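Engineer: Before anything else, here's the structure in question.
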Amino acid sequence: MTALDQLIAHFEKFPGIGGRQAKRFAFHVLTMGKAEAENLAHLIATLDGAVVECASCHRFFSVTNSTPTPLCTICSNNNRDHAKLLIVAQDSDITAIERSGIYDGLYLVLGGSVPLLHSEDQKKLRGGTLKATIEARLPGGLTEIILAFAVNPDGENTARYVESIINSSDYGVLEKPSVTELGRGLSTGSELEYADPDTIKNALRNRG
Ligand SMILES: [Zn+2]
């Protein structure tokens, strides 16, 4: 495999990127000029360390000061409602929900979705982490778990998978939190990360 083919193959692994787009990206890199390409390569190489995964919600966040912190600014914020846990497929969904400015609880990034035709993909997700998070948060008063997935068959399938984990969690003598889903308002087929703030606001208000 030539270096160019390898680069194309890397871009093809990016989410939502097909072979044609991967080639366009690779040829764009070729036209960048040495300094810019080196800058990009350096950025990628040093990302590990500058960006860390939150120990609680598992989203990536930039380390802004020299003191390493295990929790992101959302999880370490005591003004947020720790009784609510909203489950999303990916980091970018959190960005979209935060933009709406209406949600004040905590999050958990599942790490992907469970495609209807590839249910074995659920093995790659944070199912075990979700179960552990629920059980660890219960004594502190976790009262609501909100499922926020795309309004399409894969999103539905992911929601059913997450529900099965919630149902199999050990509640002991404590009450099982209520499980809600984003209300309609999000149009069919829509991905959360592309939804506008008002749409998300309405979907959150109309959850049930
Ligand atoms: Zn976090």
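Residues in the structure tokens are numbered from 1 in each chain, the chains being A, B, ... in the order shown, and ligands are numbered from 1 in the order shown.
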If the limit is 10 Å from any atom of ligand 1, counting only C-alpha atoms and all ligand atoms, which residues qualify? Return them as an MDAnalysis selection string.

Structural biologist: chainID A and resid 53:61 70:77 106:109

Engineer: Residues near Ala22 of chain A, anyone? I mean within 7 Å using only C-alpha atoms, not counting same-chain ones fewer than 3 positions away, as a list in words.

Structural biologist: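 Contacts, with the query itself left out: Ile8, Phe11, Glu12, Ile17, Gly18, Gly19, Phe25 and Ala26 of chain A.
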
Engineer: Create the file for the chosen residues now, containing all heavy atoms and written as a PDB file, in the first residue's frame.

Structural biologist:
```
ATOM      1  N   ILE A   8      -5.763   7.525   2.507  1.00  0.00           N
ATOM      2  CA  ILE A   8      -7.159   7.381   2.075  1.00  0.00           C
ATOM      3  C   ILE A   8      -7.874   6.359   2.961  1.00  0.00           C
ATOM      4  O   ILE A   8      -8.991   6.589   3.418  1.00  0.00           O
ATOM      5  CB  ILE A   8      -7.226   6.968   0.584  1.00  0.00           C
ATOM      6  CG1 ILE A   8      -6.701   8.111  -0.293  1.00  0.00           C
ATOM      7  CG2 ILE A   8      -8.655   6.596   0.177  1.00  0.00           C
ATOM      8  CD1 ILE A   8      -6.482   7.739  -1.752  1.00  0.00           C
ATOM      9  N   PHE A  11      -8.842   7.923   6.238  1.00  0.00           N
ATOM     10  CA  PHE A  11      -9.996   8.830   6.160  1.00  0.00           C
ATOM     11  C   PHE A  11     -11.294   8.044   5.981  1.00  0.00           C
ATOM     12  O   PHE A  11     -12.341   8.457   6.446  1.00  0.00           O
ATOM     13  CB  PHE A  11      -9.820   9.834   5.013  1.00  0.00           C
ATOM     14  CG  PHE A  11      -8.853  10.938   5.328  1.00  0.00           C
ATOM     15  CD1 PHE A  11      -7.867  11.305   4.422  1.00  0.00           C
ATOM     16  CD2 PHE A  11      -8.926  11.618   6.540  1.00  0.00           C
ATOM     17  CE1 PHE A  11      -6.965  12.324   4.714  1.00  0.00           C
ATOM     18  CE2 PHE A  11      -8.030  12.640   6.844  1.00  0.00           C
ATOM     19  CZ  PHE A  11      -7.048  12.998   5.930  1.00  0.00           C
ATOM     20  N   GLU A  12     -11.203   6.899   5.303  1.00  0.00           N
ATOM     21  CA  GLU A  12     -12.404   6.074   5.090  1.00  0.00           C
ATOM     22  C   GLU A  12     -12.987   5.552   6.398  1.00  0.00           C
ATOM     23  O   GLU A  12     -14.157   5.206   6.467  1.00  0.00           O
ATOM     24  CB  GLU A  12     -12.083   4.895   4.165  1.00  0.00           C
ATOM     25  CG  GLU A  12     -12.318   5.241   2.712  1.00  0.00           C
ATOM     26  CD  GLU A  12     -12.051   4.060   1.784  1.00  0.00           C
ATOM     27  OE1 GLU A  12     -11.321   3.134   2.182  1.00  0.00           O
ATOM     28  OE2 GLU A  12     -12.570   4.084   0.680  1.00  0.00           O
ATOM     29  N   ILE A  17     -17.854   8.996   6.289  1.00  0.00           N
ATOM     30  CA  ILE A  17     -16.997   9.329   5.139  1.00  0.00           C
ATOM     31  C   ILE A  17     -16.854   8.116   4.226  1.00  0.00           C
ATOM     32  O   ILE A  17     -16.412   7.058   4.637  1.00  0.00           O
ATOM     33  CB  ILE A  17     -15.609   9.819   5.617  1.00  0.00           C
ATOM     34  CG1 ILE A  17     -15.743  11.082   6.469  1.00  0.00           C
ATOM     35  CG2 ILE A  17     -14.662  10.059   4.439  1.00  0.00           C
ATOM     36  CD1 ILE A  17     -16.425  12.253   5.779  1.00  0.00           C
ATOM     37  N   GLY A  18     -17.229   8.312   2.957  1.00  0.00           N
ATOM     38  CA  GLY A  18     -17.119   7.235   1.982  1.00  0.00           C
ATOM     39  C   GLY A  18     -15.801   7.317   1.230  1.00  0.00           C
ATOM     40  O   GLY A  18     -14.976   8.210   1.484  1.00  0.00           O
ATOM     41  N   GLY A  19     -15.582   6.385   0.322  1.00  0.00           N
ATOM     42  CA  GLY A  19     -14.337   6.308  -0.426  1.00  0.00           C
ATOM     43  C   GLY A  19     -14.015   7.571  -1.222  1.00  0.00           C
ATOM     44  O   GLY A  19     -12.868   8.019  -1.251  1.00  0.00           O
ATOM     45  N   PHE A  25     -10.224  14.223   0.714  1.00  0.00           N
ATOM     46  CA  PHE A  25      -9.474  14.666   1.894  1.00  0.00           C
ATOM     47  C   PHE A  25      -7.973  14.443   1.676  1.00  0.00           C
ATOM     48  O   PHE A  25      -7.158  15.317   1.941  1.00  0.00           O
ATOM     49  CB  PHE A  25      -9.904  13.874   3.134  1.00  0.00           C
ATOM     50  CG  PHE A  25     -11.238  14.270   3.692  1.00  0.00           C
ATOM     51  CD1 PHE A  25     -12.005  15.269   3.096  1.00  0.00           C
ATOM     52  CD2 PHE A  25     -11.730  13.648   4.825  1.00  0.00           C
ATOM     53  CE1 PHE A  25     -13.239  15.631   3.609  1.00  0.00           C
ATOM     54  CE2 PHE A  25     -12.963  14.005   5.357  1.00  0.00           C
ATOM     55  CZ  PHE A  25     -13.723  14.991   4.750  1.00  0.00           C
ATOM     56  N   ALA A  26      -7.641  13.245   1.183  1.00  0.00           N
ATOM     57  CA  ALA A  26      -6.225  12.913   0.990  1.00  0.00           C
ATOM     58  C   ALA A  26      -5.578  13.869  -0.008  1.00  0.00           C
ATOM     59  O   ALA A  26      -4.466  14.358   0.223  1.00  0.00           O
ATOM     60  CB  ALA A  26      -6.093  11.464   0.525  1.00  0.00           C
TER      61      ALA A  26
END
```

Engineer: Select, from A:Pro139, A:Leu30, A:Gln6, A:Leu192, the residue with the minimum atom-to-atom distance to Gly172 of chain A, counting only C-alpha atoms.

Structural biologist: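 Closest to Gly172 of chain A of all the choices is A:Pro139.
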
Engineer: Run DSSP on the backbone of this structure and report the residues of segment 4-206 of chain A it assigns to strand (DSSP E), as a list in words.

Structural biologist: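 Strand (DSSP E) assignments inside segment 4-206 of chain A correspond to Val51, Val52, Glu53, Phe60, Phe61, Ser62, Asp81, His82, Ala83, Lys84, Leu85, Leu86, Ile87, Val88, Gly105, Leu106, Tyr107, Leu108, Val109, Glu144, Ile145, Ile146, Leu147, Ser178, Val179, Thr180 and Glu181 of chain A.
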
Engineer: For atom CA of Gly208 of chain A and atom CA of Ile166 of chain A, determine how far apart the two atoms are, in Å to one decimal place.

Structural biologist: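 The value is 16.2 Å.
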
Engineer: From a DSSP calculation on the backbone, collect every residue of segment 55-181 of chain A in alpha helix (DSSP H) and output the set as a VMD selection string.

Structural biologist: chain A and resid 91 to 100 127 to 137 153 to 168

Engineer: Could you take the residues named above and write them with N, CA, C and O atoms, as a short mmCIF file (atom, residue, chain, number, x, y, z; two decimals), in the first residue's frame?

Structural biologist:
```
data_model
loop_
_atom_site.label_atom_id
_atom_site.label_comp_id
_atom_site.auth_asym_id
_atom_site.auth_seq_id
_atom_site.Cartn_x
_atom_site.Cartn_y
_atom_site.Cartn_z
N ASP A 91 -20.17 12.18 21.64
CA ASP A 91 -19.79 13.48 22.20
C ASP A 91 -20.53 14.65 21.57
O ASP A 91 -20.98 15.56 22.25
N SER A 92 -20.64 14.63 20.22
CA SER A 92 -21.22 15.79 19.52
C SER A 92 -22.68 16.01 19.90
O SER A 92 -23.19 17.12 19.77
N ASP A 93 -23.35 14.96 20.38
CA ASP A 93 -24.74 15.13 20.83
C ASP A 93 -24.80 16.00 22.08
O ASP A 93 -25.73 16.78 22.27
N ILE A 94 -23.78 15.87 22.95
CA ILE A 94 -23.74 16.70 24.16
C ILE A 94 -23.59 18.17 23.76
O ILE A 94 -24.29 19.03 24.28
N THR A 95 -22.71 18.44 22.80
CA THR A 95 -22.51 19.80 22.33
C THR A 95 -23.84 20.39 21.86
O THR A 95 -24.19 21.52 22.18
N ALA A 96 -24.61 19.59 21.10
CA ALA A 96 -25.90 20.06 20.57
C ALA A 96 -26.87 20.34 21.71
O ALA A 96 -27.56 21.37 21.70
N ILE A 97 -26.92 19.47 22.71
CA ILE A 97 -27.86 19.66 23.82
C ILE A 97 -27.44 20.84 24.69
O ILE A 97 -28.27 21.64 25.10
N GLU A 98 -26.13 21.00 24.92
CA GLU A 98 -25.65 22.13 25.72
C GLU A 98 -25.99 23.46 25.04
O GLU A 98 -26.26 24.44 25.70
N ARG A 99 -25.97 23.46 23.70
CA ARG A 99 -26.30 24.67 22.94
C ARG A 99 -27.74 25.11 23.21
O ARG A 99 -28.05 26.29 23.15
N SER A 100 -28.61 24.15 23.48
CA SER A 100 -30.02 24.49 23.72
C SER A 100 -30.18 25.20 25.07
O SER A 100 -31.17 25.88 25.30
N GLY A 127 -21.90 -0.39 27.68
CA GLY A 127 -23.02 -0.97 28.41
C GLY A 127 -22.68 -1.24 29.86
O GLY A 127 -23.44 -0.89 30.77
N GLY A 128 -21.52 -1.85 30.09
CA GLY A 128 -21.09 -2.17 31.45
C GLY A 128 -20.88 -0.91 32.27
O GLY A 128 -21.23 -0.84 33.45
N THR A 129 -20.29 0.12 31.62
CA THR A 129 -20.05 1.40 32.29
C THR A 129 -21.38 2.03 32.68
O THR A 129 -21.52 2.59 33.78
N LEU A 130 -22.36 1.93 31.79
CA LEU A 130 -23.68 2.51 32.06
C LEU A 130 -24.29 1.86 33.30
O LEU A 130 -24.77 2.54 34.21
N LYS A 131 -24.24 0.53 33.34
CA LYS A 131 -24.79 -0.21 34.49
C LYS A 131 -24.08 0.22 35.78
O LYS A 131 -24.73 0.51 36.79
N ALA A 132 -22.75 0.28 35.73
CA ALA A 132 -21.97 0.66 36.91
C ALA A 132 -22.29 2.09 37.33
O ALA A 132 -22.37 2.39 38.53
N THR A 133 -22.47 2.98 36.34
CA THR A 133 -22.77 4.39 36.64
C THR A 133 -24.12 4.50 37.34
O THR A 133 -24.25 5.20 38.34
N ILE A 134 -25.12 3.80 36.81
CA ILE A 134 -26.46 3.85 37.42
C ILE A 134 -26.39 3.35 38.86
O ILE A 134 -26.88 4.01 39.78
N GLU A 135 -25.73 2.20 39.05
CA GLU A 135 -25.69 1.61 40.39
C GLU A 135 -24.89 2.48 41.37
O GLU A 135 -25.23 2.57 42.55
N ALA A 136 -23.85 3.17 40.86
CA ALA A 136 -23.05 4.03 41.73
C ALA A 136 -23.78 5.32 42.08
O ALA A 136 -23.60 5.87 43.17
N ARG A 137 -24.62 5.80 41.15
CA ARG A 137 -25.31 7.07 41.37
C ARG A 137 -26.58 6.94 42.20
O ARG A 137 -27.06 7.92 42.79
N PRO A 153 -34.64 4.07 12.94
CA PRO A 153 -34.64 2.69 13.46
C PRO A 153 -33.40 2.35 14.30
O PRO A 153 -33.51 1.67 15.31
N ASP A 154 -32.23 2.86 13.92
CA ASP A 154 -31.02 2.58 14.70
C ASP A 154 -31.09 3.23 16.08
O ASP A 154 -30.67 2.64 17.08
N GLY A 155 -31.63 4.46 16.12
CA GLY A 155 -31.79 5.17 17.39
C GLY A 155 -32.76 4.43 18.30
O GLY A 155 -32.53 4.29 19.50
N GLU A 156 -33.86 3.95 17.70
CA GLU A 156 -34.86 3.17 18.46
C GLU A 156 -34.22 1.91 19.03
O GLU A 156 -34.42 1.55 20.19
N ASN A 157 -33.45 1.24 18.19
CA ASN A 157 -32.79 0.00 18.59
C ASN A 157 -31.80 0.25 19.73
O ASN A 157 -31.70 -0.53 20.67
N THR A 158 -31.09 1.38 19.65
CA THR A 158 -30.14 1.76 20.70
C THR A 158 -30.89 2.01 22.01
O THR A 158 -30.45 1.57 23.08
N ALA A 159 -32.03 2.69 21.91
CA ALA A 159 -32.84 2.98 23.11
C ALA A 159 -33.29 1.68 23.77
O ALA A 159 -33.24 1.56 25.00
N ARG A 160 -33.70 0.69 22.96
CA ARG A 160 -34.16 -0.59 23.54
C ARG A 160 -32.99 -1.28 24.24
O ARG A 160 -33.13 -1.89 25.29
N TYR A 161 -31.79 -1.20 23.64
CA TYR A 161 -30.60 -1.80 24.24
C TYR A 161 -30.30 -1.16 25.60
O TYR A 161 -30.06 -1.85 26.59
N VAL A 162 -30.34 0.17 25.63
CA VAL A 162 -30.06 0.89 26.87
C VAL A 162 -31.11 0.56 27.93
O VAL A 162 -30.80 0.38 29.11
N GLU A 163 -32.37 0.45 27.49
CA GLU A 163 -33.44 0.10 28.43
C GLU A 163 -33.19 -1.28 29.06
O GLU A 163 -33.45 -1.48 30.24
N SER A 164 -32.69 -2.20 28.24
CA SER A 164 -32.44 -3.55 28.77
C SER A 164 -31.35 -3.50 29.84
O SER A 164 -31.40 -4.24 30.83
N ILE A 165 -30.38 -2.59 29.68
CA ILE A 165 -29.33 -2.44 30.70
C ILE A 165 -29.92 -1.81 31.96
O ILE A 165 -29.63 -2.25 33.08
N ILE A 166 -30.77 -0.79 31.76
CA ILE A 166 -31.39 -0.13 32.92
C ILE A 166 -32.22 -1.15 33.70
O ILE A 166 -32.17 -1.20 34.93
N ASN A 167 -32.95 -1.98 32.96
CA ASN A 167 -33.82 -2.96 33.62
C ASN A 167 -33.03 -4.06 34.33
O ASN A 167 -33.50 -4.66 35.29
N SER A 168 -31.81 -4.32 33.84
CA SER A 168 -31.02 -5.40 34.45
C SER A 168 -30.13 -4.89 35.58
O SER A 168 -29.41 -5.66 36.20
#
```

Engineer: From the list A:Leu7, A:Ala83, A:Ala50, A:Leu110, which residue is nearest Pro68 of chain A when using only C-alpha atoms?

Structural biologist: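 Counting only C-alpha atoms, the residue closest to Pro68 of chain A is A:Ala50.
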
Engineer: From the options A:Thr69, A:Phe14, A:Ile87, A:Ile102, which residue's atoms come nearest to Glu144 of chain A, counting only C-alpha atoms?

Structural biologist: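 So, comparing all the options, the nearest one is A:Ile87.
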
Engineer: Which of these residues is nearest to His28 of chain A, using only C-alpha atoms: A:Pro15, A:Leu4, A:Gly105, A:Arg205?

Structural biologist: A:Leu4

Engineer: In Å, with one decimal, what is the gap from atom CA of Gly112 of chain A to atom CA of Gln90 of chain A?

Structural biologist: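 Separation of atom CA of Gly112 of chain A and atom CA of Gln90 of chain A: 5.8 Å.
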
Engineer: Counting only C-alpha atoms, which residue out of A:Ala37, A:Ala195, A:Leu204, A:Leu142 sits closest to Glu181 of chain A?

Structural biologist: A:Leu204
